[in-house]
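Participant: What follows is my_file_13.txt; its format and atoms are compact mmCIF, C-alpha atoms and all ligand atoms.
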```
# COMPACT_ATOMS: atom_id res chain seq x y z
CA MET H 1 -8.26 -7.56 26.58
CA ALA H 2 -10.28 -5.33 24.30
CA SER H 3 -13.25 -3.64 25.95
CA ASP H 4 -16.20 -1.44 24.95
CA SER H 5 -15.59 0.00 21.52
CA THR H 6 -12.00 -1.24 21.29
CA PHE H 7 -11.33 -4.17 19.02
CA LEU H 8 -8.43 -6.47 18.10
CA THR H 9 -6.58 -7.28 14.92
CA HIS H 10 -4.01 -10.04 14.36
CA HIS H 11 -0.85 -9.93 12.26
CA SER H 12 1.60 -12.66 11.35
CA MET H 13 4.62 -13.24 9.18
CA ILE H 14 4.84 -16.87 8.06
CA HIS H 15 8.16 -18.37 6.99
CA SER H 16 7.19 -20.27 3.86
CA ASN H 17 7.17 -20.18 0.09
CA SER H 18 3.90 -18.53 -0.94
CA SER H 19 3.35 -20.84 -3.91
CA ALA H 20 1.51 -22.99 -1.32
CA MET H 21 -0.16 -20.91 1.38
CA GLY H 22 -1.57 -23.87 3.31
CA GLU H 23 -2.13 -21.85 6.51
CA THR H 24 -4.54 -19.56 4.67
CA GLY H 25 -7.92 -21.00 3.83
CA ALA H 26 -9.70 -20.61 0.50
CA LEU H 27 -11.92 -17.53 0.21
CA THR H 28 -10.59 -15.83 3.38
CA VAL H 29 -8.65 -12.83 2.10
CA ASP H 30 -10.22 -9.43 1.35
CA LEU H 31 -7.21 -7.70 -0.16
CA VAL H 32 -3.74 -8.62 -1.43
CA VAL H 33 -1.05 -5.92 -1.41
CA THR H 34 2.37 -7.09 -2.50
CA SER H 35 5.56 -6.60 -4.43
CA PRO H 36 7.32 -9.71 -5.78
CA PRO H 37 11.01 -10.04 -6.59
CA TYR H 38 11.40 -8.39 -10.02
CA PRO H 39 12.36 -10.86 -12.78
CA MET H 40 15.53 -9.92 -14.70
CA ILE H 41 16.66 -7.44 -12.04
CA GLN H 42 20.03 -8.89 -11.08
CA MET H 43 19.60 -8.60 -7.31
CA TRP H 44 16.85 -11.24 -7.51
CA ASP H 45 18.65 -13.74 -9.77
CA ASP H 46 19.83 -15.95 -6.89
CA MET H 47 16.36 -16.09 -5.37
CA PHE H 48 14.86 -17.31 -8.67
CA VAL H 49 17.77 -19.67 -9.42
CA GLY H 50 17.35 -21.19 -5.94
CA GLN H 51 13.84 -22.22 -6.96
CA ASP H 52 14.64 -23.18 -10.56
CA PRO H 53 18.33 -23.92 -11.42
CA GLU H 54 17.57 -23.91 -15.16
CA ILE H 55 17.27 -20.12 -14.92
CA ALA H 56 21.04 -19.93 -14.29
CA GLU H 57 21.67 -22.04 -17.36
CA SER H 58 19.42 -19.83 -19.51
CA LEU H 59 21.21 -16.68 -18.31
CA ASP H 60 24.62 -18.26 -18.92
CA ARG H 61 23.59 -19.24 -22.45
CA GLY H 62 22.33 -15.72 -23.17
CA LEU H 63 18.69 -16.82 -23.41
CA GLY H 64 17.18 -13.74 -21.77
CA ASN H 65 13.58 -14.35 -22.78
CA ARG H 66 13.72 -17.93 -21.57
CA ALA H 67 15.10 -16.90 -18.17
CA PHE H 68 12.43 -14.17 -17.96
CA GLU H 69 9.68 -16.67 -18.72
CA ARG H 70 10.93 -19.22 -16.15
CA MET H 71 11.16 -16.55 -13.46
CA HIS H 72 7.59 -15.52 -14.16
CA ALA H 73 6.46 -19.16 -14.11
CA LEU H 74 7.48 -19.15 -10.41
CA LEU H 75 5.51 -15.97 -9.72
CA ASP H 76 2.53 -17.39 -11.64
CA GLU H 77 2.17 -20.10 -9.00
CA VAL H 78 1.82 -17.40 -6.33
CA TRP H 79 -0.79 -15.42 -8.32
CA ASP H 80 -2.81 -18.63 -8.72
CA GLU H 81 -2.56 -19.28 -4.99
CA CYS H 82 -3.71 -15.70 -4.29
CA PHE H 83 -6.75 -16.37 -6.46
CA ARG H 84 -7.57 -19.43 -4.34
CA VAL H 85 -7.41 -17.64 -0.98
CA MET H 86 -9.14 -14.43 -2.10
CA LYS H 87 -12.83 -13.90 -1.50
CA SER H 88 -15.04 -13.12 -4.44
CA GLY H 89 -14.85 -9.35 -5.05
CA ALA H 90 -11.44 -9.07 -3.34
CA ILE H 91 -8.76 -6.89 -4.91
CA LEU H 92 -5.15 -7.77 -5.75
CA CYS H 93 -2.58 -4.92 -5.92
CA VAL H 94 0.85 -5.81 -7.31
CA ASN H 95 3.68 -3.31 -7.15
CA ILE H 96 6.14 -4.11 -9.94
CA GLY H 97 8.82 -2.44 -12.03
CA ASP H 98 10.00 -3.41 -15.48
CA ALA H 99 13.63 -4.43 -15.99
CA THR H 100 16.28 -3.49 -18.52
CA ARG H 101 19.23 -5.76 -19.06
CA SER H 102 21.99 -6.45 -21.57
CA ILE H 103 22.36 -10.14 -22.33
CA ASN H 104 25.21 -11.05 -24.70
CA GLY H 105 25.59 -7.34 -25.44
CA GLU H 106 21.92 -7.02 -26.46
CA PHE H 107 20.08 -4.37 -24.42
CA ALA H 108 16.35 -5.01 -23.94
CA LEU H 109 13.34 -4.19 -21.81
CA TYR H 110 11.78 -7.07 -19.90
CA SER H 111 8.23 -5.95 -19.31
CA ASN H 112 7.33 -7.51 -15.98
CA HIS H 113 4.09 -5.61 -15.64
CA ALA H 114 2.80 -6.79 -19.02
CA ARG H 115 3.76 -10.42 -18.29
CA ILE H 116 2.02 -10.39 -14.90
CA LEU H 117 -1.15 -8.79 -16.32
CA SER H 118 -1.33 -11.43 -19.02
CA HIS H 119 -1.12 -14.24 -16.43
CA LEU H 120 -3.67 -12.59 -14.11
CA LEU H 121 -6.10 -12.52 -17.03
CA LYS H 122 -5.52 -16.23 -17.70
CA THR H 123 -6.09 -16.99 -14.00
CA GLY H 124 -9.51 -15.38 -14.19
CA PHE H 125 -8.88 -11.97 -12.61
CA THR H 126 -10.61 -8.88 -13.96
CA ILE H 127 -7.99 -6.24 -14.70
CA LEU H 128 -8.74 -2.75 -13.37
CA PRO H 129 -7.03 0.59 -14.18
CA GLU H 130 -3.50 0.69 -12.81
CA ILE H 131 -1.41 3.29 -11.00
CA LEU H 132 2.02 4.48 -12.06
CA TRP H 133 4.21 5.93 -9.39
CA ARG H 134 7.25 8.00 -10.02
CA LYS H 135 10.50 6.93 -8.41
CA GLN H 136 12.59 10.05 -8.58
CA THR H 137 16.31 9.70 -8.89
CA ASN H 138 19.05 12.22 -9.46
CA ALA H 139 21.57 9.51 -10.26
CA PRO H 140 23.73 10.69 -13.18
CA ASN H 141 23.69 7.16 -14.63
CA LYS H 142 19.90 7.09 -14.97
CA PHE H 143 20.19 7.77 -18.72
CA MET H 144 21.07 4.69 -20.72
CA GLY H 145 22.70 4.14 -24.09
CA SER H 146 24.56 6.45 -26.47
CA GLY H 147 24.23 9.74 -24.61
CA MET H 148 23.63 12.68 -26.94
CA LEU H 149 23.95 10.71 -30.17
CA PRO H 150 20.59 9.76 -31.72
CA GLY H 151 19.44 6.24 -32.38
CA GLY H 152 21.08 4.34 -29.56
CA ALA H 153 19.85 6.00 -26.35
CA TYR H 154 17.05 4.72 -24.15
CA VAL H 155 14.57 6.52 -21.95
CA THR H 156 14.94 6.20 -18.19
CA LEU H 157 12.91 3.79 -16.07
CA GLU H 158 11.77 6.00 -13.22
CA HIS H 159 8.31 4.65 -12.59
CA GLU H 160 6.80 1.52 -11.14
CA PHE H 161 3.36 0.06 -11.62
CA ILE H 162 0.69 -0.87 -9.15
CA LEU H 163 -1.34 -3.43 -11.06
CA ILE H 164 -4.89 -3.76 -9.78
CA ALA H 165 -7.11 -6.77 -10.42
CA ARG H 166 -10.30 -8.13 -8.93
CA LYS H 167 -11.48 -11.67 -8.37
CA GLY H 168 -15.01 -11.90 -9.72
CA GLY H 169 -17.55 -9.10 -9.68
CA LYS H 170 -17.79 -6.03 -7.50
CA ARG H 171 -17.65 -6.77 -3.77
CA THR H 172 -20.92 -6.56 -1.87
CA PHE H 173 -21.08 -5.48 1.78
CA ALA H 174 -23.71 -7.00 4.06
CA GLY H 175 -24.54 -6.85 7.78
CA ASP H 176 -21.74 -5.41 9.97
CA GLU H 177 -19.57 -4.99 6.89
CA LYS H 178 -21.85 -2.18 5.70
CA ALA H 179 -21.12 -0.09 8.80
CA HIS H 180 -17.40 -0.95 8.66
CA ARG H 181 -17.31 0.25 5.09
CA GLN H 182 -18.96 3.57 6.04
CA ASN H 183 -16.52 4.06 8.97
CA SER H 184 -13.59 3.25 6.68
CA ALA H 185 -14.32 6.11 4.27
CA TYR H 186 -11.44 8.39 3.27
CA PHE H 187 -11.73 12.12 2.67
CA TRP H 188 -12.95 13.49 -0.66
CA GLU H 189 -9.67 15.32 -1.18
CA GLU H 190 -7.72 12.12 -0.41
CA ARG H 191 -9.82 10.34 -3.01
CA ASN H 192 -8.76 12.96 -5.56
CA THR H 193 -5.09 12.15 -4.99
CA TRP H 194 -5.20 8.45 -4.21
CA PHE H 195 -7.44 7.50 -7.11
CA SER H 196 -5.39 9.41 -9.62
CA ASP H 197 -3.52 7.09 -12.01
CA VAL H 198 -0.12 8.75 -11.50
CA TRP H 199 1.36 9.20 -8.03
CA MET H 200 4.16 11.74 -8.01
CA ASP H 201 4.49 12.07 -4.25
CA LEU H 202 5.84 8.72 -3.05
CA LYS H 203 9.40 9.51 -4.10
CA GLY H 204 10.66 5.99 -3.53
CA ALA H 205 10.90 6.80 0.18
CA ARG H 206 11.58 3.89 2.48
CA GLN H 207 10.33 3.35 5.98
CA GLU H 208 13.18 3.72 8.42
CA ILE H 209 12.60 0.59 10.43
CA GLY H 210 15.02 -2.23 10.97
CA ASP H 211 18.42 -3.27 9.74
CA ALA H 212 19.61 -1.27 6.70
CA ASN H 213 21.23 -4.31 5.02
CA LEU H 214 18.13 -6.41 5.37
CA ARG H 215 16.00 -3.53 4.19
CA GLN H 216 18.09 -3.27 1.06
CA ARG H 217 17.93 -7.03 0.57
CA SER H 218 14.14 -6.94 0.85
CA ALA H 219 13.73 -3.85 -1.41
CA ALA H 220 11.00 -2.64 0.93
CA PHE H 221 8.41 -0.33 -0.57
CA PRO H 222 7.43 2.99 1.06
CA PHE H 223 4.98 2.64 3.95
CA GLU H 224 2.63 5.08 2.22
CA LEU H 225 2.14 2.66 -0.69
CA PRO H 226 0.40 -0.19 1.20
CA TYR H 227 -1.14 2.36 3.58
CA ARG H 228 -3.03 4.05 0.73
CA LEU H 229 -3.97 0.80 -1.01
CA ILE H 230 -5.34 -0.70 2.19
CA ASN H 231 -7.47 2.40 2.77
CA MET H 232 -8.59 2.45 -0.85
CA TYR H 233 -9.57 -1.20 -1.22
CA SER H 234 -10.54 -2.65 2.16
CA ALA H 235 -12.65 -1.93 5.20
CA LYS H 236 -11.61 -2.10 8.84
CA GLY H 237 -11.56 -5.64 10.20
CA ASP H 238 -10.76 -7.05 6.74
CA THR H 239 -7.85 -9.44 6.15
CA VAL H 240 -4.93 -8.24 4.05
CA LEU H 241 -2.39 -10.68 2.59
CA ASP H 242 1.15 -10.04 1.37
CA PRO H 243 2.61 -13.21 -0.24
CA PHE H 244 6.06 -11.54 -0.60
CA GLY H 245 6.39 -10.14 2.92
CA GLY H 246 9.96 -8.77 2.94
CA MET H 247 10.38 -6.44 5.91
CA GLY H 248 6.65 -6.57 6.65
CA THR H 249 5.72 -3.08 5.44
CA THR H 250 2.24 -4.30 4.46
CA LEU H 251 1.73 -5.75 7.96
CA LEU H 252 2.70 -2.42 9.54
CA ALA H 253 0.32 -0.54 7.27
CA ALA H 254 -2.45 -3.02 8.09
CA MET H 255 -1.86 -2.47 11.83
CA ALA H 256 -2.08 1.30 11.30
CA CYS H 257 -5.34 0.82 9.35
CA ALA H 258 -6.97 -1.65 11.77
CA ARG H 259 -7.07 -4.55 9.30
CA HIS H 260 -5.92 -8.11 10.07
CA SER H 261 -2.89 -9.16 8.09
CA VAL H 262 -0.76 -12.11 7.12
CA ALA H 263 2.45 -12.22 5.12
CA TYR H 264 4.59 -15.02 3.71
CA GLU H 265 8.35 -14.69 3.42
CA ALA H 266 10.75 -17.32 2.11
CA ASP H 267 13.88 -15.76 3.66
CA LEU H 268 14.11 -16.74 7.34
CA ASP H 269 16.34 -13.76 8.27
CA LEU H 270 13.80 -11.33 6.86
CA CYS H 271 11.01 -13.15 8.61
CA HIS H 272 12.69 -12.78 11.99
CA ALA H 273 13.62 -9.18 11.22
CA PHE H 274 9.95 -8.35 11.36
CA SER H 275 9.87 -6.95 14.88
CA PRO H 276 8.05 -3.64 15.17
CA ASP H 277 8.77 -1.72 18.37
CA ILE H 278 5.61 -2.51 20.28
CA HIS H 279 6.02 0.61 22.43
CA ALA H 280 6.90 3.13 19.72
CA PHE H 281 4.87 1.90 16.77
CA PRO H 282 1.36 2.82 18.02
CA GLY H 283 2.44 6.45 18.47
CA LEU H 284 3.97 6.54 15.01
CA ALA H 285 0.93 4.96 13.39
CA ASN H 286 -1.36 7.46 15.13
CA GLN H 287 0.82 10.32 13.95
CA ARG H 288 -0.24 9.42 10.40
CA LEU H 289 -3.90 9.71 11.47
CA GLU H 290 -3.24 13.08 13.12
CA GLU H 291 -1.56 14.22 9.97
CA ARG H 292 -4.56 13.21 7.85
CA LEU H 293 -6.92 15.04 10.20
CA ALA H 294 -4.74 18.16 10.18
CA ARG H 295 -4.59 18.12 6.40
CA HIS H 296 -8.36 17.78 6.22
CA LYS H 297 -8.86 20.78 8.50
CA ASP H 298 -6.42 22.75 6.39
CA PHE H 299 -8.44 21.74 3.33
CA ILE H 300 -11.71 22.85 4.99
CA LEU H 301 -10.36 26.30 5.78
CA LYS H 302 -9.04 26.87 2.26
CA ARG H 303 -12.17 25.49 0.62
CA PHE H 304 -14.41 27.63 2.86
CA GLU H 305 -12.55 30.73 1.79
CA ASP H 306 -12.81 29.82 -1.88
CA LYS H 307 -16.24 28.23 -2.16
CA GLY H 308 -18.22 28.95 1.00
CA ALA H 309 -20.08 26.80 3.49
CA PHE H 310 -20.32 23.02 3.61
CA ARG H 311 -23.43 20.90 3.66
CA TYR H 312 -22.21 17.74 5.39
CA LYS H 313 -20.90 17.23 8.91
CA ASN H 314 -18.78 14.30 10.06
CA THR H 315 -20.64 12.59 12.90
CA HIS H 316 -17.61 11.74 15.01
CA TYR H 317 -15.35 14.77 14.66
CA GLY H 318 -18.02 17.39 13.98
CA PHE H 319 -16.02 19.04 11.21
CA PRO H 320 -17.31 19.63 7.67
CA VAL H 321 -16.82 17.06 4.93
CA MET H 322 -17.53 17.30 1.22
CA THR H 323 -19.93 14.39 0.81
CA ASN H 324 -22.55 12.33 2.54
CA GLN H 325 -20.19 9.32 2.25
CA GLU H 326 -17.70 10.90 4.67
CA LYS H 327 -20.19 11.46 7.49
CA ALA H 328 -19.44 8.18 9.28
CA LEU H 329 -15.68 8.30 8.62
CA VAL H 330 -13.74 7.66 11.82
CA PHE H 331 -10.08 6.76 12.28
CA ASP H 332 -9.24 3.83 14.55
CA ARG H 333 -6.33 4.70 16.78
CA LEU H 334 -3.79 2.01 17.52
CA VAL H 335 -3.93 1.76 21.31
CA SER H 336 -1.35 -0.98 21.86
CA LEU H 337 0.60 -3.73 20.19
CA SER H 338 1.72 -7.00 21.77
CA LYS H 339 3.70 -10.02 20.60
CA THR H 340 1.68 -13.23 20.51
CA GLY H 341 4.25 -15.58 18.96
CA ASP H 342 7.66 -15.62 17.27
CA ASP H 343 6.49 -13.58 14.30
CA SER H 344 2.94 -12.67 15.26
CA PHE H 345 1.33 -9.68 16.91
CA GLN H 346 -1.99 -8.52 18.26
CA ALA H 347 -3.14 -4.90 18.03
CA VAL H 348 -5.84 -3.11 20.03
CA HIS H 349 -7.70 -0.34 18.22
CA CYS H 350 -10.11 2.32 19.40
CA PRO H 351 -12.43 4.16 16.99
CA GLY H 352 -11.78 7.90 17.25
CA GLY H 353 -9.79 7.68 20.45
CA GLU H 354 -8.51 11.05 21.58
CA THR H 355 -8.82 12.56 18.13
CA LYS H 356 -12.26 14.14 18.82
CA ASP H 357 -12.14 17.67 17.53
CA SER H 358 -12.63 20.57 19.93
CA GLN H 359 -12.96 23.34 17.35
CA ASP H 360 -16.41 24.91 16.86
CA TRP H 361 -17.27 24.44 13.19
CA ASP H 362 -20.83 25.88 13.26
CA GLU H 363 -20.13 28.83 10.97
CA TYR H 364 -18.81 26.48 8.29
CA PHE H 365 -22.15 24.83 7.62
CA SER H 366 -25.09 25.78 5.47
CA SER H 367 -28.04 23.80 4.15
CA ASP H 368 -27.46 25.69 0.90
CA PRO H 369 -23.99 24.77 -0.35
CA LYS H 370 -23.96 27.82 -2.63
CA THR H 371 -23.85 30.25 0.31
CA PRO H 372 -21.13 32.80 -0.46
CA PRO H 373 -17.97 32.68 1.66
CA LYS H 374 -18.41 34.19 5.12
CA ALA H 375 -14.80 34.12 6.04
CA ARG H 376 -13.44 36.67 3.59
CA ALA H 377 -12.86 39.16 6.40
CA THR H 378 -10.76 36.69 8.36
CA LYS H 379 -7.15 36.77 7.38
CA LYS H 380 -6.21 33.37 6.04
CA SER H 381 -2.95 33.32 7.95
CA ASP H 382 -4.88 33.65 11.25
CA LYS H 383 -6.81 30.46 10.60
CA ASP H 384 -4.53 28.28 8.58
CA PRO H 385 -3.00 25.58 10.79
CA LYS H 386 0.10 24.03 9.37
CA PRO H 387 -0.33 20.26 9.14
CA PRO H 388 2.42 18.47 11.04
CA ALA H 389 5.25 17.12 8.97
CA GLN H 390 4.72 13.50 7.87
CA ALA H 391 5.65 11.06 10.57
CA GLY H 392 9.44 10.59 10.41
CA LEU H 393 9.16 6.81 10.44
CA PHE H 394 7.39 6.83 7.13
CA ASP H 395 9.35 9.55 5.31
C1 LIG H 401 10.34 -7.01 -3.34
S1 LIG H 401 10.49 -7.87 -1.86
C2 LIG H 401 9.09 -7.38 -0.92
C3 LIG H 401 9.38 -6.21 -0.04
C4 LIG H 401 8.22 -5.84 0.86
N1 LIG H 401 7.12 -5.28 0.09
C5 LIG H 401 8.66 -4.85 1.93
O1 LIG H 401 8.20 -3.70 1.91
O2 LIG H 401 9.52 -5.20 2.73
C6 LIG H 401 10.11 -9.52 -2.28
C7 LIG H 401 10.26 -10.48 -1.11
O3 LIG H 401 9.67 -11.71 -1.50
C8 LIG H 401 10.43 -12.77 -0.93
N2 LIG H 401 10.10 -13.96 -1.76
C9 LIG H 401 10.49 -14.20 -3.02
N3 LIG H 401 9.90 -15.32 -3.50
C10 LIG H 401 9.09 -15.75 -2.50
C11 LIG H 401 8.17 -16.83 -2.38
N4 LIG H 401 7.96 -17.69 -3.40
N5 LIG H 401 7.49 -16.97 -1.22
C12 LIG H 401 7.67 -16.12 -0.19
N6 LIG H 401 8.52 -15.07 -0.25
C13 LIG H 401 9.22 -14.90 -1.39
C14 LIG H 401 11.85 -12.27 -1.00
O4 LIG H 401 12.67 -12.91 -0.04
C15 LIG H 401 11.67 -10.78 -0.70
O5 LIG H 401 11.83 -10.52 0.66
```
Give the structure from the file, written as structure tokens.
Ligand SMILES: C[S@@+](CC[C@H](N)C(=O)[O-])C[C@H]1O[C@@H](n2cnc3c(N)ncnc32)[C@H](O)[C@@H]1O
Facilitator:
Amino acid sequence: MASDSTFLTHHSMIHSNSSAMGETGALTVDLVVTSPPYPMIQMWDDMFVGQDPEIAESLDRGLGNRAFERMHALLDEVWDECFRVMKSGAILCVNIGDATRSINGEFALYSNHARILSHLLKTGFTILPEILWRKQTNAPNKFMGSGMLPGGAYVTLEHEFILIARKGGKRTFAGDEKAHRQNSAYFWEERNTWFSDVWMDLKGARQEIGDANLRQRSAAFPFELPYRLINMYSAKGDTVLDPFGGMGTTLLAAMACARHSVAYEADLDLCHAFSPDIHAFPGLANQRLEERLARHKDFILKRFEDKGAFRYKNTHYGFPVMTNQEKALVFDRLVSLSKTGDDSFQAVHCPGGETKDSQDWDEYFSSDPKTPPKARATKKSDKDPKPPAQAGLFD
């Protein structure tokens, strides 16, 4: 039972095709974070053919564009269904990579991101600026085509897109939601990284949970990807949907961020593979919060040395923050996780928890933000705490 300031969130993985998400009511979802199977990437051919056998015929006959279009027609049904279940003002984030493929000896790019954007527009979504993230690879075969001879070589595909679209106008926050939004603020310096249009630091890393074969089959995205998007585009207590659930990375990120979540997955094995360690996961999720706090303190110390005192104080932790908007920011620790059904879980969260800061920050504040640095005399190395390494689970 949750008590006092603790509160509950619910998380479930539903075994079903997400072209009809009957369990999810219209206008109930605050955020969609997902990554579909990528059309024209061979590993997904069988999945598409299973839903539309004509795709196999098109591929066999060398009709690449036709196969591409039929694969996207299947995804279109899911985007339309997302539109139905999303609230007005809710955001849809789609992680997608383009594909290259030779059909009948003809090499071509199949631009999945462009095709999805064009359908989202038709559905009625408003398209927002997108993020590109760099998937670094040292593979020697990353270069394609005629090597060092001009005219027949092709540039590498080492990035993926996070397409971002909104249903209707800007979301409005009323009643309790206003306070939840304030508490769900992220740090100014996180904003500067997260809201940049190119992410260089995800590195294609995978979360190390579960069976390696299944993980490969699901093509799970890095935990940090849904974790950031959930923090960027939702408030605590919101409901996050992933219509292509895979290994459930979005659900795990939602648990760590104190949002409700639901995912759909057509592959029964993957569905059942979603089984976070209810004893270990809370500690790992909280490690990410500790890491964010440590990084913020590191940022404060450096900034104080360079620019002087701060004007704003965070109400919960007592440390300085850059803006008025970060004053109510408080992280909700994951206290416990329990199984409530075959593929469903309940999480208990506590705002702040044991993360209250004991350091005395008084000398870091000034009502005049232009106050010159006081800390010049203090050797930086004496004060500079090293943030802990990123939680191993999410590397
Ligand atoms: C790229 S993976 C998603 C990986 C996921 N983001 C993760 O981190 O584990 C796409 C998943 O969508 C599932 N899938 C494909 N079509 C589907 C559909 N129509 N409904 C539900 N799931 C589907 C596939 O089985 C696959 O697991």
Participant: Which residue, H:Phe173, H:Phe223, H:Tyr154, H:Phe281, has the smallest gap to ligand LIG 401 (chain H) when you use only C-alpha atoms and all ligand atoms?
Facilitator: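 Nearest candidate to ligand LIG 401 (chain H) out of H:Phe173, H:Phe223, H:Tyr154, H:Phe281: H:Phe223.
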Participant: Go through H:Gly245, H:Pro282, H:Gly318, H:Gly147 one by one, measure the shortest atom-to-atom distance of each to ligand LIG 401 (chain H) using all atoms listed in the file, and give the residue with the smallest value.
Facilitator: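 Once distances to ligand LIG 401 (chain H) are computed over all atoms listed in the file, the minimum belongs to H:Gly245.
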Participant: Any idea what the distance is between atom CA of H:Ser336 and atom CA of H:Ala263?
Facilitator: 20.5 Å
Participant: Kindly provide, as a PDB file with C-alpha atoms, keeping the file's coordinate frame, all nucleotide and amino acid residues lying within 8 Å of ligand LIG 401 (chain H), counting only C-alpha atoms and all ligand atoms.
Facilitator:
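New file selection.pdb:
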```
ATOM      1  CA  HIS H  15       8.160 -18.370   6.990  1.00  0.00           C
ATOM      2  CA  SER H  16       7.190 -20.270   3.860  1.00  0.00           C
ATOM      3  CA  ASN H  17       7.170 -20.180   0.090  1.00  0.00           C
ATOM      4  CA  SER H  18       3.900 -18.530  -0.940  1.00  0.00           C
ATOM      5  CA  SER H  19       3.350 -20.840  -3.910  1.00  0.00           C
ATOM      6  CA  THR H  34       2.370  -7.090  -2.500  1.00  0.00           C
ATOM      7  CA  SER H  35       5.560  -6.600  -4.430  1.00  0.00           C
ATOM      8  CA  PRO H  36       7.320  -9.710  -5.780  1.00  0.00           C
ATOM      9  CA  PRO H  37      11.010 -10.040  -6.590  1.00  0.00           C
ATOM     10  CA  TYR H  38      11.400  -8.390 -10.020  1.00  0.00           C
ATOM     11  CA  MET H  47      16.360 -16.090  -5.370  1.00  0.00           C
ATOM     12  CA  PHE H  48      14.860 -17.310  -8.670  1.00  0.00           C
ATOM     13  CA  LEU H  74       7.480 -19.150 -10.410  1.00  0.00           C
ATOM     14  CA  LEU H  75       5.510 -15.970  -9.720  1.00  0.00           C
ATOM     15  CA  VAL H  78       1.820 -17.400  -6.330  1.00  0.00           C
ATOM     16  CA  ARG H 215      16.000  -3.530   4.190  1.00  0.00           C
ATOM     17  CA  ARG H 217      17.930  -7.030   0.570  1.00  0.00           C
ATOM     18  CA  SER H 218      14.140  -6.940   0.850  1.00  0.00           C
ATOM     19  CA  ALA H 219      13.730  -3.850  -1.410  1.00  0.00           C
ATOM     20  CA  ALA H 220      11.000  -2.640   0.930  1.00  0.00           C
ATOM     21  CA  PHE H 221       8.410  -0.330  -0.570  1.00  0.00           C
ATOM     22  CA  PRO H 222       7.430   2.990   1.060  1.00  0.00           C
ATOM     23  CA  PHE H 223       4.980   2.640   3.950  1.00  0.00           C
ATOM     24  CA  ASP H 242       1.150 -10.040   1.370  1.00  0.00           C
ATOM     25  CA  PRO H 243       2.610 -13.210  -0.240  1.00  0.00           C
ATOM     26  CA  PHE H 244       6.060 -11.540  -0.600  1.00  0.00           C
ATOM     27  CA  GLY H 245       6.390 -10.140   2.920  1.00  0.00           C
ATOM     28  CA  GLY H 246       9.960  -8.770   2.940  1.00  0.00           C
ATOM     29  CA  MET H 247      10.380  -6.440   5.910  1.00  0.00           C
ATOM     30  CA  GLY H 248       6.650  -6.570   6.650  1.00  0.00           C
ATOM     31  CA  THR H 249       5.720  -3.080   5.440  1.00  0.00           C
ATOM     32  CA  THR H 250       2.240  -4.300   4.460  1.00  0.00           C
ATOM     33  CA  TYR H 264       4.590 -15.020   3.710  1.00  0.00           C
ATOM     34  CA  GLU H 265       8.350 -14.690   3.420  1.00  0.00           C
ATOM     35  CA  ALA H 266      10.750 -17.320   2.110  1.00  0.00           C
ATOM     36  CA  ASP H 267      13.880 -15.760   3.660  1.00  0.00           C
ATOM     37  CA  LEU H 270      13.800 -11.330   6.860  1.00  0.00           C
TER      38      LEU H 270
END
```
Participant: Any idea what the distance is between atom CA of H:Trp133 and atom CA of H:Trp44?
Facilitator: 21.4 Å
Participant: Which polymer residues have any atom within 9 Å of an atom of H:Ile162, counting only C-alpha atoms, with same-chain residues fewer than 5 positions away left out, as a ChimeraX atom specification?
Facilitator: /H:35,93-97,113,130-133
Participant: What's around H:Trp79 at 8 Å? Count only C-alpha atoms, leave out sequence neighbours fewer than 4 positions away in its own chain, and write the answer as a ChimeraX atom specification.
Facilitator: /H:75,83,120,123
Participant: Applying 10 Å and only C-alpha atoms, which residues near H:Arg134 remain after dropping the ones on its own chain fewer than 2 positions away? List them as a list in words.
Facilitator: Ile131, Leu132, Gln136, Thr137, Leu157, Glu158, His159, Glu160, Phe161, Val198, Trp199, Met200, Asp201, Leu202, Lys203 and Gly204 of chain H
Participant: One decimal, Å: what's the distance from atom CA of H:Lys339 over to atom CA of H:Ile230, could you say?
Facilitator: 22.5 Å
Participant: Of the residues H:Met255, H:Met322, H:Cys350, H:Val330, which is the one nearest to H:Asn192, using only C-alpha atoms?
Facilitator: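 Under the stated criterion, the closest residue is H:Met322.
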Participant: List the neighbours of H:Met40 out to 12 Å using only C-alpha atoms; skip same-chain residues closer than 5 positions along the sequence, and give me the result as a PyMOL selection string.
Facilitator: chain H and resi 45-49+55-56+58-59+63-72+97-103+108-112
Participant: Only C-alpha atoms, please: the residues just picked out, written as a short mmCIF file (atom, residue, chain, number, x, y, z; two decimals), keeping the file's coordinate frame.
Facilitator:
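Okay, this is what ended up in part01.cif:
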```
data_model
loop_
_atom_site.label_atom_id
_atom_site.label_comp_id
_atom_site.auth_asym_id
_atom_site.auth_seq_id
_atom_site.Cartn_x
_atom_site.Cartn_y
_atom_site.Cartn_z
CA ASP H 45 18.65 -13.74 -9.77
CA ASP H 46 19.83 -15.95 -6.89
CA MET H 47 16.36 -16.09 -5.37
CA PHE H 48 14.86 -17.31 -8.67
CA VAL H 49 17.77 -19.67 -9.42
CA ILE H 55 17.27 -20.12 -14.92
CA ALA H 56 21.04 -19.93 -14.29
CA SER H 58 19.42 -19.83 -19.51
CA LEU H 59 21.21 -16.68 -18.31
CA LEU H 63 18.69 -16.82 -23.41
CA GLY H 64 17.18 -13.74 -21.77
CA ASN H 65 13.58 -14.35 -22.78
CA ARG H 66 13.72 -17.93 -21.57
CA ALA H 67 15.10 -16.90 -18.17
CA PHE H 68 12.43 -14.17 -17.96
CA GLU H 69 9.68 -16.67 -18.72
CA ARG H 70 10.93 -19.22 -16.15
CA MET H 71 11.16 -16.55 -13.46
CA HIS H 72 7.59 -15.52 -14.16
CA GLY H 97 8.82 -2.44 -12.03
CA ASP H 98 10.00 -3.41 -15.48
CA ALA H 99 13.63 -4.43 -15.99
CA THR H 100 16.28 -3.49 -18.52
CA ARG H 101 19.23 -5.76 -19.06
CA SER H 102 21.99 -6.45 -21.57
CA ILE H 103 22.36 -10.14 -22.33
CA ALA H 108 16.35 -5.01 -23.94
CA LEU H 109 13.34 -4.19 -21.81
CA TYR H 110 11.78 -7.07 -19.90
CA SER H 111 8.23 -5.95 -19.31
CA ASN H 112 7.33 -7.51 -15.98
#
```
